[in-house]
Structures are given as C-alpha cells and as structure tokens.
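Visitor: Below is the file run28.txt, which contains compact mmCIF, N, CA and C atoms.
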# COMPACT_ATOMS: atom_id res chain seq x y z
N MET Z 1 100.10 82.50 127.53
CA MET Z 1 100.91 83.68 127.26
C MET Z 1 99.97 84.82 126.91
N GLY Z 2 100.07 85.95 127.61
CA GLY Z 2 99.25 87.11 127.33
C GLY Z 2 99.75 87.87 126.12
N GLN Z 3 98.89 88.79 125.63
CA GLN Z 3 99.29 89.52 124.43
C GLN Z 3 100.53 90.36 124.66
N ARG Z 4 100.74 90.86 125.88
CA ARG Z 4 101.95 91.65 126.15
C ARG Z 4 103.20 90.81 125.95
N ALA Z 5 103.15 89.54 126.33
CA ALA Z 5 104.30 88.67 126.15
C ALA Z 5 104.55 88.38 124.68
N LYS Z 6 103.53 88.53 123.85
CA LYS Z 6 103.67 88.27 122.42
C LYS Z 6 104.22 89.47 121.67
N ILE Z 7 104.24 90.63 122.29
CA ILE Z 7 104.76 91.85 121.66
C ILE Z 7 106.18 92.07 122.18
N THR Z 8 107.16 92.10 121.28
CA THR Z 8 108.54 92.26 121.72
C THR Z 8 108.74 93.65 122.32
N SER Z 9 109.78 93.77 123.12
CA SER Z 9 110.07 95.06 123.75
C SER Z 9 110.41 96.13 122.70
N ASP Z 10 111.06 95.74 121.61
CA ASP Z 10 111.37 96.71 120.54
C ASP Z 10 110.08 97.28 119.94
N LEU Z 11 109.11 96.41 119.69
CA LEU Z 11 107.85 96.86 119.11
C LEU Z 11 107.05 97.67 120.13
N ALA Z 12 107.04 97.24 121.38
CA ALA Z 12 106.32 97.98 122.42
C ALA Z 12 106.86 99.40 122.53
N ALA Z 13 108.17 99.57 122.41
CA ALA Z 13 108.77 100.90 122.46
C ALA Z 13 108.32 101.74 121.27
N GLU Z 14 108.22 101.14 120.09
CA GLU Z 14 107.75 101.88 118.91
C GLU Z 14 106.30 102.30 119.09
N VAL Z 15 105.47 101.40 119.60
CA VAL Z 15 104.05 101.72 119.81
C VAL Z 15 103.92 102.90 120.77
N GLU Z 16 104.70 102.90 121.83
CA GLU Z 16 104.65 103.98 122.83
C GLU Z 16 105.12 105.32 122.26
N ALA Z 17 106.02 105.26 121.26
CA ALA Z 17 106.65 106.48 120.75
C ALA Z 17 105.85 107.20 119.67
N VAL Z 18 104.79 106.56 119.14
CA VAL Z 18 104.07 107.17 118.03
C VAL Z 18 102.60 107.38 118.37
N ASP Z 19 101.94 108.18 117.55
CA ASP Z 19 100.50 108.37 117.67
C ASP Z 19 99.81 107.04 117.37
N SER Z 20 98.68 106.80 118.01
CA SER Z 20 97.99 105.52 117.86
C SER Z 20 97.54 105.23 116.44
N SER Z 21 97.39 106.26 115.61
CA SER Z 21 96.95 106.04 114.23
C SER Z 21 98.11 105.80 113.27
N ASN Z 22 99.35 106.01 113.73
CA ASN Z 22 100.51 105.77 112.86
C ASN Z 22 100.58 104.31 112.45
N LEU Z 23 100.94 104.07 111.20
CA LEU Z 23 101.13 102.71 110.73
C LEU Z 23 102.54 102.25 111.05
N LEU Z 24 102.64 101.05 111.59
CA LEU Z 24 103.93 100.47 111.93
C LEU Z 24 104.17 99.22 111.10
N ASP Z 25 105.40 99.03 110.67
CA ASP Z 25 105.79 97.79 110.00
C ASP Z 25 106.04 96.75 111.08
N VAL Z 26 105.42 95.59 110.92
CA VAL Z 26 105.58 94.51 111.90
C VAL Z 26 105.81 93.18 111.20
N ILE Z 27 106.40 92.27 111.93
CA ILE Z 27 106.54 90.88 111.52
C ILE Z 27 105.70 90.06 112.50
N VAL Z 28 104.78 89.27 111.96
CA VAL Z 28 103.89 88.45 112.77
C VAL Z 28 104.32 87.00 112.59
N GLU Z 29 104.78 86.40 113.68
CA GLU Z 29 105.16 84.99 113.64
C GLU Z 29 103.94 84.16 114.03
N LEU Z 30 103.65 83.16 113.22
CA LEU Z 30 102.48 82.32 113.45
C LEU Z 30 102.87 81.04 114.18
N ASP Z 31 101.94 80.55 115.00
CA ASP Z 31 102.13 79.26 115.65
C ASP Z 31 102.18 78.18 114.58
N GLY Z 32 102.64 77.05 114.97
CA GLY Z 32 102.61 75.91 114.06
C GLY Z 32 103.98 75.29 113.93
N ASP Z 33 103.93 74.01 113.68
CA ASP Z 33 105.17 73.28 113.50
C ASP Z 33 105.72 73.53 112.10
N LEU Z 34 107.00 73.66 112.05
CA LEU Z 34 107.67 73.79 110.77
C LEU Z 34 108.22 72.43 110.35
N GLU Z 35 107.55 71.39 110.84
CA GLU Z 35 108.00 70.05 110.50
C GLU Z 35 107.90 69.84 109.00
N GLU Z 36 108.62 68.90 108.54
CA GLU Z 36 108.67 68.65 107.10
C GLU Z 36 107.33 68.15 106.59
N ALA Z 37 106.83 68.84 105.61
CA ALA Z 37 105.61 68.41 104.92
C ALA Z 37 106.03 67.50 103.79
N PRO Z 38 105.09 66.69 103.29
CA PRO Z 38 105.44 65.78 102.19
C PRO Z 38 105.96 66.52 100.96
N ASP Z 39 105.48 67.74 100.75
CA ASP Z 39 105.99 68.53 99.64
C ASP Z 39 105.68 70.00 99.88
N MET Z 40 106.24 70.84 99.02
CA MET Z 40 106.09 72.28 99.18
C MET Z 40 104.64 72.72 99.09
N ALA Z 41 103.88 72.11 98.23
CA ALA Z 41 102.48 72.51 98.06
C ALA Z 41 101.70 72.30 99.36
N VAL Z 42 101.96 71.21 100.04
CA VAL Z 42 101.27 70.93 101.31
C VAL Z 42 101.70 71.96 102.36
N ALA Z 43 102.99 72.27 102.42
CA ALA Z 43 103.50 73.25 103.38
C ALA Z 43 102.91 74.63 103.12
N LYS Z 44 102.85 75.03 101.87
CA LYS Z 44 102.28 76.33 101.51
C LYS Z 44 100.79 76.39 101.85
N ALA Z 45 100.07 75.33 101.59
CA ALA Z 45 98.63 75.29 101.89
C ALA Z 45 98.40 75.39 103.39
N ALA Z 46 99.21 74.70 104.19
CA ALA Z 46 99.08 74.76 105.64
C ALA Z 46 99.34 76.19 106.14
N PHE Z 47 100.35 76.84 105.56
CA PHE Z 47 100.64 78.22 105.94
C PHE Z 47 99.47 79.14 105.59
N GLU Z 48 98.91 78.98 104.41
CA GLU Z 48 97.79 79.82 103.99
C GLU Z 48 96.60 79.66 104.94
N ARG Z 49 96.33 78.43 105.37
CA ARG Z 49 95.23 78.20 106.32
C ARG Z 49 95.50 78.89 107.64
N ALA Z 50 96.74 78.83 108.11
CA ALA Z 50 97.09 79.45 109.39
C ALA Z 50 97.10 80.97 109.28
N ALA Z 51 97.51 81.49 108.13
CA ALA Z 51 97.65 82.94 107.96
C ALA Z 51 96.32 83.65 107.70
N ALA Z 52 95.35 82.95 107.12
CA ALA Z 52 94.09 83.60 106.71
C ALA Z 52 93.38 84.34 107.84
N PRO Z 53 93.14 83.71 109.00
CA PRO Z 53 92.42 84.45 110.05
C PRO Z 53 93.23 85.62 110.62
N VAL Z 54 94.54 85.48 110.66
CA VAL Z 54 95.39 86.57 111.15
C VAL Z 54 95.37 87.72 110.15
N SER Z 55 95.40 87.39 108.87
CA SER Z 55 95.32 88.42 107.83
C SER Z 55 94.01 89.19 107.93
N GLU Z 56 92.92 88.49 108.28
CA GLU Z 56 91.62 89.16 108.45
C GLU Z 56 91.66 90.14 109.62
N VAL Z 57 92.31 89.77 110.72
CA VAL Z 57 92.44 90.68 111.86
C VAL Z 57 93.24 91.92 111.45
N ILE Z 58 94.32 91.70 110.71
CA ILE Z 58 95.16 92.82 110.27
C ILE Z 58 94.35 93.75 109.36
N SER Z 59 93.67 93.20 108.37
CA SER Z 59 92.86 94.01 107.46
C SER Z 59 91.73 94.72 108.19
N GLY Z 60 91.09 94.02 109.10
CA GLY Z 60 89.99 94.60 109.85
C GLY Z 60 90.39 95.74 110.77
N SER Z 61 91.67 95.77 111.11
CA SER Z 61 92.17 96.83 112.00
C SER Z 61 92.61 98.06 111.23
N GLY Z 62 92.49 98.01 109.89
CA GLY Z 62 92.95 99.12 109.08
C GLY Z 62 94.37 98.94 108.58
N GLY Z 63 94.92 97.75 108.79
CA GLY Z 63 96.26 97.46 108.33
C GLY Z 63 96.24 96.69 107.03
N GLU Z 64 97.42 96.28 106.59
CA GLU Z 64 97.51 95.50 105.37
C GLU Z 64 98.67 94.53 105.46
N VAL Z 65 98.44 93.31 104.97
CA VAL Z 65 99.49 92.31 104.89
C VAL Z 65 100.30 92.62 103.63
N LEU Z 66 101.60 92.78 103.78
CA LEU Z 66 102.46 93.10 102.65
C LEU Z 66 103.00 91.84 101.98
N GLU Z 67 103.29 90.83 102.78
CA GLU Z 67 103.74 89.56 102.22
C GLU Z 67 103.75 88.49 103.30
N GLY Z 68 103.76 87.25 102.84
CA GLY Z 68 103.84 86.12 103.74
C GLY Z 68 105.02 85.25 103.37
N ALA Z 69 105.60 84.60 104.36
CA ALA Z 69 106.72 83.70 104.12
C ALA Z 69 106.37 82.35 104.71
N TRP Z 70 105.91 81.46 103.86
CA TRP Z 70 105.48 80.15 104.33
C TRP Z 70 106.63 79.35 104.93
N ILE Z 71 107.84 79.60 104.47
CA ILE Z 71 108.98 78.82 104.91
C ILE Z 71 109.26 78.99 106.41
N ASN Z 72 108.97 80.19 106.95
CA ASN Z 72 109.19 80.40 108.39
C ASN Z 72 107.94 80.87 109.12
N HIS Z 73 106.80 80.73 108.49
CA HIS Z 73 105.49 81.05 109.09
C HIS Z 73 105.41 82.48 109.61
N THR Z 74 105.74 83.44 108.76
CA THR Z 74 105.64 84.85 109.15
C THR Z 74 104.85 85.64 108.12
N LEU Z 75 104.27 86.74 108.62
CA LEU Z 75 103.62 87.73 107.77
C LEU Z 75 104.32 89.05 108.01
N ARG Z 76 104.55 89.80 106.96
CA ARG Z 76 105.03 91.18 107.09
C ARG Z 76 103.82 92.04 106.83
N ALA Z 77 103.58 92.99 107.74
CA ALA Z 77 102.37 93.80 107.62
C ALA Z 77 102.63 95.22 108.11
N ARG Z 78 101.69 96.10 107.76
CA ARG Z 78 101.64 97.46 108.30
C ARG Z 78 100.33 97.56 109.05
N VAL Z 79 100.41 97.92 110.33
CA VAL Z 79 99.21 98.03 111.15
C VAL Z 79 99.24 99.33 111.95
N PRO Z 80 98.05 99.88 112.23
CA PRO Z 80 98.02 101.05 113.10
C PRO Z 80 98.59 100.68 114.47
N ALA Z 81 99.31 101.60 115.08
CA ALA Z 81 99.89 101.34 116.40
C ALA Z 81 98.83 100.88 117.39
N SER Z 82 97.63 101.42 117.26
CA SER Z 82 96.55 101.07 118.18
C SER Z 82 96.07 99.63 118.02
N ALA Z 83 96.43 98.98 116.91
CA ALA Z 83 95.95 97.63 116.62
C ALA Z 83 96.99 96.54 116.90
N VAL Z 84 98.17 96.91 117.33
CA VAL Z 84 99.22 95.92 117.57
C VAL Z 84 98.76 94.88 118.59
N THR Z 85 98.10 95.31 119.65
CA THR Z 85 97.60 94.38 120.66
C THR Z 85 96.56 93.43 120.07
N ASP Z 86 95.66 93.95 119.23
CA ASP Z 86 94.65 93.10 118.59
C ASP Z 86 95.31 92.02 117.74
N VAL Z 87 96.34 92.39 117.02
CA VAL Z 87 97.05 91.41 116.19
C VAL Z 87 97.71 90.36 117.09
N ALA Z 88 98.33 90.80 118.18
CA ALA Z 88 98.99 89.87 119.09
C ALA Z 88 97.99 88.90 119.72
N GLU Z 89 96.76 89.36 119.93
CA GLU Z 89 95.72 88.52 120.55
C GLU Z 89 95.07 87.55 119.57
N ALA Z 90 95.31 87.71 118.28
CA ALA Z 90 94.68 86.85 117.27
C ALA Z 90 95.11 85.40 117.47
N ASP Z 91 94.16 84.50 117.29
CA ASP Z 91 94.48 83.08 117.38
C ASP Z 91 95.55 82.73 116.36
N GLY Z 92 96.53 81.98 116.80
CA GLY Z 92 97.58 81.52 115.90
C GLY Z 92 98.81 82.39 115.86
N VAL Z 93 98.82 83.51 116.60
CA VAL Z 93 99.98 84.39 116.62
C VAL Z 93 100.87 84.03 117.81
N SER Z 94 102.16 83.85 117.55
CA SER Z 94 103.07 83.56 118.65
C SER Z 94 103.87 84.79 119.07
N VAL Z 95 104.26 85.64 118.11
CA VAL Z 95 105.06 86.83 118.41
C VAL Z 95 104.77 87.90 117.37
N VAL Z 96 104.77 89.17 117.82
CA VAL Z 96 104.71 90.31 116.90
C VAL Z 96 105.95 91.15 117.20
N ASP Z 97 106.71 91.48 116.17
CA ASP Z 97 108.00 92.14 116.34
C ASP Z 97 108.18 93.19 115.26
N VAL Z 98 109.22 93.99 115.40
CA VAL Z 98 109.61 94.92 114.35
C VAL Z 98 110.46 94.14 113.35
N PRO Z 99 110.50 94.58 112.10
CA PRO Z 99 111.38 93.91 111.13
C PRO Z 99 112.84 94.12 111.54
N HIS Z 100 113.63 93.10 111.33
CA HIS Z 100 115.07 93.17 111.60
C HIS Z 100 115.81 92.90 110.31
N ALA Z 101 116.84 93.68 110.07
CA ALA Z 101 117.66 93.46 108.88
C ALA Z 101 118.44 92.17 109.04
N ILE Z 102 118.56 91.44 107.96
CA ILE Z 102 119.35 90.22 107.97
C ILE Z 102 120.70 90.54 107.35
N HIS Z 103 121.73 90.20 108.09
CA HIS Z 103 123.10 90.48 107.63
C HIS Z 103 123.83 89.17 107.41
N PRO Z 104 124.62 89.07 106.35
CA PRO Z 104 125.41 87.84 106.14
C PRO Z 104 126.44 87.70 107.25
N GLU Z 105 126.74 86.48 107.58
CA GLU Z 105 127.73 86.24 108.65
C GLU Z 105 129.12 86.45 108.15
Would you mind writing the file out in structure tokens?
Guide:
Amino acid sequence: MGQRAKITSDLAAEVEAVDSSNLLDVIVELDGDLEEAPDMAVAKAAFERAAAPVSEVISGSGGEVLEGAWINHTLRARVPASAVTDVAEADGVSVVDVPHAIHPE
C-alpha cells in the first residue's frame, strides 16, 4: 500500500486546501493486532513500542503528538501539511485521517 492509499480523501483535501506550513490535526492509526493481551500493562507497553518510531517522525517533521490511545492503536497529532506524506510513509502506520467527532447512537 502506497502512502497515498494511507491518507484518507478527507485529509488529502485538507492538505490541498492549506499552505504547506499550516499545522493540521490528524489521527494516525498504527498497524498491529488488537488481540487480547494478558493484561493492560502488556497492551500499553506494546502500543508504546509501536508508537515510539512514529512519534519520532511526527516530532522530526515539526509536529507534535498530542495524545495516544493504546486501546485502538491511534495517535492524535498536529503536523505541518507538508509532512502528512512523511507520517503516512512511517513504518507501522496504516492510515492517517482527520479527526472525526464521535456521536452517541
């Protein structure tokens, strides 16, 4: 899967609409099984190992990781529009998207 396939159409439209230096809020979904770990500590540690190199790419691009969610293997970050492709190309990234509001059913 190429980096373009990893960037959702919603995010691609945002990148096209702004200056390359603008910071964009993104959700980075990480590869990895969400299979049941023996306990929460093991699951959190596995997430931290998977997230560390991606966090370095984000920081190195001039962005910042705002938070991580080990339960669904995602990072919320702000990255320059010009760096979205670099984040998508990082090892361990499955999808980069815009944040979506969660609404109760």
Visitor: Hey, which bits of stretch 34-68 of chain Z sit within 10 Å of stretch 16-29 of chain Z, and for each residue what's the closest pair of atoms and how far apart in Å (one decimal), counting only C-alpha atoms, rows by chain and increasing number, as CSV?
Guide:
residue,atom,partner,partner_atom,distance
Z:Ala51,CA,Z:Val28,CA,9.6
Z:Val54,CA,Z:Val28,CA,8.9
Z:Ser55,CA,Z:Val28,CA,9.9
Z:Gly62,CA,Z:Leu23,CA,9.1
Z:Gly63,CA,Z:Leu23,CA,7.6
Z:Glu64,CA,Z:Leu23,CA,9.7
Z:Val65,CA,Z:Val26,CA,9.5
Z:Leu66,CA,Z:Asp25,CA,9.3
Z:Glu67,CA,Z:Ile27,CA,9.8
Z:Gly68,CA,Z:Val28,CA,9.3
Visitor: How far is it from atom C of Z:Arg49 to atom CA of Z:Thr8, in Å with one decimal?
Guide: 23.4 Å
Visitor: Could you give me the centre and size, in Å to one decimal, of an axis-aligned box around all listed atoms of stretch 21-28 of chain Z with 4 Å added on every side, as JSON?
Guide:
{"center_x": 101.7, "center_y": 96.6, "center_z": 112.8, "size_x": 17.6, "size_y": 27.3, "size_z": 13.6}
Visitor: Output as a list in words all residues of chain Z that backbone DSSP marks as strand (DSSP E or B).
Guide: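 Here is the list: Ile7, Leu23, Leu24, Asp25, Val26, Ile27, Val28, Glu29, Leu30, Glu64, Val65, Leu66, Glu67, Gly68, Ala69, Thr74, Leu75, Arg76, Ala77, Arg78, Val79, Pro80, Val93, Ser94, Val95, Val96 and Asp97 of chain Z.
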Visitor: Could you find all residues in chain Z that DSSP calls alpha helix (DSSP H) from the backbone, and write them as a ChimeraX atom specification?
Guide: /Z:3-6,9-17,40-60,84-89
Visitor: Using all atoms listed in the file, tabulate the residues of stretch 38-58 of chain Z lying at most 6.5 Å from any atom of stretch 73-93 of chain Z, each with its closest atom pair and that distance in Å to one decimal, by chain and increasing residue number, as a Markdown table.
Guide:
| residue | atom | partner | partner_atom | distance |
| --- | --- | --- | --- | --- |
| Z:Phe47 | CA | Z:His73 | CA | 6.4 |
| Z:Val54 | CA | Z:Ala90 | CA | 6.2 |
| Z:Val57 | C | Z:Val87 | CA | 6.1 |
| Z:Ile58 | N | Z:Val87 | CA | 6.1 |
Visitor: Under the rule that only N, CA and C atoms are counted, which of Z:Met40, Z:Ala45, Z:Ala52, Z:Val95 is the nearest residue to Z:Lys6?
Guide: Z:Val95
Visitor: Using only N, CA and C atoms, which residue out of Z:Val96, Z:Leu30, Z:Ala12, Z:Ile71 lies closest to Z:Ala50?
Guide: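 Among Z:Val96, Z:Leu30, Z:Ala12, Z:Ile71, it is Z:Leu30 that comes nearest to Z:Ala50.
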Visitor: Could you tell me which of Z:Pro38, Z:Lys44, Z:Glu56, Z:Asp10 comes closest to Z:Asp97 if we count all atoms listed in the file?
Guide: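 Nearest candidate to Z:Asp97 out of Z:Pro38, Z:Lys44, Z:Glu56, Z:Asp10: Z:Asp10.
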Visitor: Could stretch 22-53 of chain Z be written out with N, CA, C and O atoms, as a PDB file, in the first residue's frame, please?
Guide:
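Full text of out07.pdb as output:
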ATOM      1  N   ASN Z  22       1.031  25.108   7.263  1.00  0.00           N
ATOM      2  CA  ASN Z  22      -0.076  25.061   8.222  1.00  0.00           C
ATOM      3  C   ASN Z  22      -0.061  23.757   9.001  1.00  0.00           C
ATOM      4  O   ASN Z  22       0.186  22.688   8.435  1.00  0.00           O
ATOM      5  N   LEU Z  23      -0.355  23.837  10.285  1.00  0.00           N
ATOM      6  CA  LEU Z  23      -0.460  22.638  11.102  1.00  0.00           C
ATOM      7  C   LEU Z  23      -1.864  22.062  10.980  1.00  0.00           C
ATOM      8  O   LEU Z  23      -2.853  22.798  11.068  1.00  0.00           O
ATOM      9  N   LEU Z  24      -1.923  20.758  10.775  1.00  0.00           N
ATOM     10  CA  LEU Z  24      -3.202  20.062  10.658  1.00  0.00           C
ATOM     11  C   LEU Z  24      -3.346  19.058  11.788  1.00  0.00           C
ATOM     12  O   LEU Z  24      -2.388  18.393  12.174  1.00  0.00           O
ATOM     13  N   ASP Z  25      -4.546  18.947  12.319  1.00  0.00           N
ATOM     14  CA  ASP Z  25      -4.845  17.908  13.301  1.00  0.00           C
ATOM     15  C   ASP Z  25      -5.086  16.616  12.543  1.00  0.00           C
ATOM     16  O   ASP Z  25      -5.864  16.588  11.577  1.00  0.00           O
ATOM     17  N   VAL Z  26      -4.408  15.555  12.961  1.00  0.00           N
ATOM     18  CA  VAL Z  26      -4.553  14.258  12.300  1.00  0.00           C
ATOM     19  C   VAL Z  26      -4.698  13.146  13.332  1.00  0.00           C
ATOM     20  O   VAL Z  26      -4.289  13.292  14.487  1.00  0.00           O
ATOM     21  N   ILE Z  27      -5.267  12.059  12.881  1.00  0.00           N
ATOM     22  CA  ILE Z  27      -5.320  10.812  13.642  1.00  0.00           C
ATOM     23  C   ILE Z  27      -4.484   9.804  12.865  1.00  0.00           C
ATOM     24  O   ILE Z  27      -4.713   9.593  11.665  1.00  0.00           O
ATOM     25  N   VAL Z  28      -3.506   9.216  13.542  1.00  0.00           N
ATOM     26  CA  VAL Z  28      -2.616   8.242  12.928  1.00  0.00           C
ATOM     27  C   VAL Z  28      -2.969   6.872  13.492  1.00  0.00           C
ATOM     28  O   VAL Z  28      -2.846   6.645  14.696  1.00  0.00           O
ATOM     29  N   GLU Z  29      -3.442   5.994  12.618  1.00  0.00           N
ATOM     30  CA  GLU Z  29      -3.752   4.631  13.034  1.00  0.00           C
ATOM     31  C   GLU Z  29      -2.511   3.777  12.812  1.00  0.00           C
ATOM     32  O   GLU Z  29      -1.923   3.798  11.727  1.00  0.00           O
ATOM     33  N   LEU Z  30      -2.133   3.026  13.832  1.00  0.00           N
ATOM     34  CA  LEU Z  30      -0.942   2.203  13.765  1.00  0.00           C
ATOM     35  C   LEU Z  30      -1.297   0.763  13.407  1.00  0.00           C
ATOM     36  O   LEU Z  30      -2.361   0.270  13.772  1.00  0.00           O
ATOM     37  N   ASP Z  31      -0.381   0.108  12.695  1.00  0.00           N
ATOM     38  CA  ASP Z  31      -0.528  -1.314  12.405  1.00  0.00           C
ATOM     39  C   ASP Z  31      -0.484  -2.079  13.713  1.00  0.00           C
ATOM     40  O   ASP Z  31       0.001  -1.586  14.723  1.00  0.00           O
ATOM     41  N   GLY Z  32      -0.909  -3.286  13.650  1.00  0.00           N
ATOM     42  CA  GLY Z  32      -0.787  -4.152  14.824  1.00  0.00           C
ATOM     43  C   GLY Z  32      -2.112  -4.764  15.176  1.00  0.00           C
ATOM     44  O   GLY Z  32      -3.172  -4.208  14.915  1.00  0.00           O
ATOM     45  N   ASP Z  33      -1.991  -5.930  15.746  1.00  0.00           N
ATOM     46  CA  ASP Z  33      -3.189  -6.637  16.173  1.00  0.00           C
ATOM     47  C   ASP Z  33      -3.690  -6.055  17.480  1.00  0.00           C
ATOM     48  O   ASP Z  33      -2.920  -5.729  18.368  1.00  0.00           O
ATOM     49  N   LEU Z  34      -4.980  -5.967  17.563  1.00  0.00           N
ATOM     50  CA  LEU Z  34      -5.598  -5.530  18.802  1.00  0.00           C
ATOM     51  C   LEU Z  34      -6.065  -6.756  19.584  1.00  0.00           C
ATOM     52  O   LEU Z  34      -7.008  -6.690  20.353  1.00  0.00           O
ATOM     53  N   GLU Z  35      -5.363  -7.858  19.346  1.00  0.00           N
ATOM     54  CA  GLU Z  35      -5.738  -9.082  20.040  1.00  0.00           C
ATOM     55  C   GLU Z  35      -5.561  -8.899  21.538  1.00  0.00           C
ATOM     56  O   GLU Z  35      -4.817  -8.041  21.992  1.00  0.00           O
ATOM     57  N   GLU Z  36      -6.220  -9.713  22.258  1.00  0.00           N
ATOM     58  CA  GLU Z  36      -6.197  -9.582  23.708  1.00  0.00           C
ATOM     59  C   GLU Z  36      -4.815  -9.888  24.267  1.00  0.00           C
ATOM     60  O   GLU Z  36      -4.244 -10.926  24.003  1.00  0.00           O
ATOM     61  N   ALA Z  37      -4.309  -8.950  25.013  1.00  0.00           N
ATOM     62  CA  ALA Z  37      -3.041  -9.143  25.718  1.00  0.00           C
ATOM     63  C   ALA Z  37      -3.370  -9.748  27.072  1.00  0.00           C
ATOM     64  O   ALA Z  37      -4.499  -9.634  27.551  1.00  0.00           O
ATOM     65  N   PRO Z  38      -2.375 -10.368  27.708  1.00  0.00           N
ATOM     66  CA  PRO Z  38      -2.632 -10.969  29.024  1.00  0.00           C
ATOM     67  C   PRO Z  38      -3.142  -9.955  30.047  1.00  0.00           C
ATOM     68  O   PRO Z  38      -3.909 -10.307  30.926  1.00  0.00           O
ATOM     69  N   ASP Z  39      -2.708  -8.710  29.915  1.00  0.00           N
ATOM     70  CA  ASP Z  39      -3.213  -7.675  30.811  1.00  0.00           C
ATOM     71  C   ASP Z  39      -2.989  -6.306  30.184  1.00  0.00           C
ATOM     72  O   ASP Z  39      -2.351  -6.175  29.161  1.00  0.00           O
ATOM     73  N   MET Z  40      -3.554  -5.302  30.824  1.00  0.00           N
ATOM     74  CA  MET Z  40      -3.477  -3.942  30.300  1.00  0.00           C
ATOM     75  C   MET Z  40      -2.048  -3.438  30.198  1.00  0.00           C
ATOM     76  O   MET Z  40      -1.702  -2.739  29.257  1.00  0.00           O
ATOM     77  N   ALA Z  41      -1.223  -3.778  31.141  1.00  0.00           N
ATOM     78  CA  ALA Z  41       0.161  -3.303  31.133  1.00  0.00           C
ATOM     79  C   ALA Z  41       0.897  -3.807  29.893  1.00  0.00           C
ATOM     80  O   ALA Z  41       1.655  -3.067  29.266  1.00  0.00           O
ATOM     81  N   VAL Z  42       0.662  -5.048  29.526  1.00  0.00           N
ATOM     82  CA  VAL Z  42       1.308  -5.618  28.337  1.00  0.00           C
ATOM     83  C   VAL Z  42       0.791  -4.915  27.080  1.00  0.00           C
ATOM     84  O   VAL Z  42       1.556  -4.577  26.180  1.00  0.00           O
ATOM     85  N   ALA Z  43      -0.509  -4.675  27.013  1.00  0.00           N
ATOM     86  CA  ALA Z  43      -1.104  -3.999  25.856  1.00  0.00           C
ATOM     87  C   ALA Z  43      -0.572  -2.572  25.724  1.00  0.00           C
ATOM     88  O   ALA Z  43      -0.239  -2.126  24.625  1.00  0.00           O
ATOM     89  N   LYS Z  44      -0.484  -1.864  26.832  1.00  0.00           N
ATOM     90  CA  LYS Z  44       0.037  -0.492  26.807  1.00  0.00           C
ATOM     91  C   LYS Z  44       1.502  -0.470  26.387  1.00  0.00           C
ATOM     92  O   LYS Z  44       1.916   0.397  25.610  1.00  0.00           O
ATOM     93  N   ALA Z  45       2.289  -1.406  26.876  1.00  0.00           N
ATOM     94  CA  ALA Z  45       3.713  -1.466  26.520  1.00  0.00           C
ATOM     95  C   ALA Z  45       3.880  -1.749  25.033  1.00  0.00           C
ATOM     96  O   ALA Z  45       4.737  -1.150  24.372  1.00  0.00           O
ATOM     97  N   ALA Z  46       3.069  -2.646  24.488  1.00  0.00           N
ATOM     98  CA  ALA Z  46       3.136  -2.959  23.056  1.00  0.00           C
ATOM     99  C   ALA Z  46       2.786  -1.723  22.229  1.00  0.00           C
ATOM    100  O   ALA Z  46       3.427  -1.431  21.208  1.00  0.00           O
ATOM    101  N   PHE Z  47       1.775  -0.978  22.676  1.00  0.00           N
ATOM    102  CA  PHE Z  47       1.400   0.247  21.971  1.00  0.00           C
ATOM    103  C   PHE Z  47       2.541   1.264  22.012  1.00  0.00           C
ATOM    104  O   PHE Z  47       2.877   1.873  20.993  1.00  0.00           O
ATOM    105  N   GLU Z  48       3.151   1.438  23.162  1.00  0.00           N
ATOM    106  CA  GLU Z  48       4.250   2.396  23.292  1.00  0.00           C
ATOM    107  C   GLU Z  48       5.406   2.040  22.354  1.00  0.00           C
ATOM    108  O   GLU Z  48       6.004   2.925  21.747  1.00  0.00           O
ATOM    109  N   ARG Z  49       5.718   0.753  22.244  1.00  0.00           N
ATOM    110  CA  ARG Z  49       6.791   0.324  21.327  1.00  0.00           C
ATOM    111  C   ARG Z  49       6.430   0.637  19.884  1.00  0.00           C
ATOM    112  O   ARG Z  49       7.268   1.065  19.102  1.00  0.00           O
ATOM    113  N   ALA Z  50       5.181   0.412  19.511  1.00  0.00           N
ATOM    114  CA  ALA Z  50       4.742   0.673  18.142  1.00  0.00           C
ATOM    115  C   ALA Z  50       4.669   2.171  17.855  1.00  0.00           C
ATOM    116  O   ALA Z  50       4.968   2.618  16.742  1.00  0.00           O
ATOM    117  N   ALA Z  51       4.282   2.952  18.850  1.00  0.00           N
ATOM    118  CA  ALA Z  51       4.080   4.389  18.657  1.00  0.00           C
ATOM    119  C   ALA Z  51       5.379   5.185  18.656  1.00  0.00           C
ATOM    120  O   ALA Z  51       5.459   6.247  18.023  1.00  0.00           O
ATOM    121  N   ALA Z  52       6.407   4.703  19.345  1.00  0.00           N
ATOM    122  CA  ALA Z  52       7.648   5.480  19.508  1.00  0.00           C
ATOM    123  C   ALA Z  52       8.274   5.922  18.191  1.00  0.00           C
ATOM    124  O   ALA Z  52       8.561   7.117  18.017  1.00  0.00           O
ATOM    125  N   PRO Z  53       8.499   5.030  17.218  1.00  0.00           N
ATOM    126  CA  PRO Z  53       9.135   5.495  15.980  1.00  0.00           C
ATOM    127  C   PRO Z  53       8.248   6.452  15.170  1.00  0.00           C
ATOM    128  O   PRO Z  53       8.741   7.372  14.526  1.00  0.00           O
TER     129      PRO Z  53
END
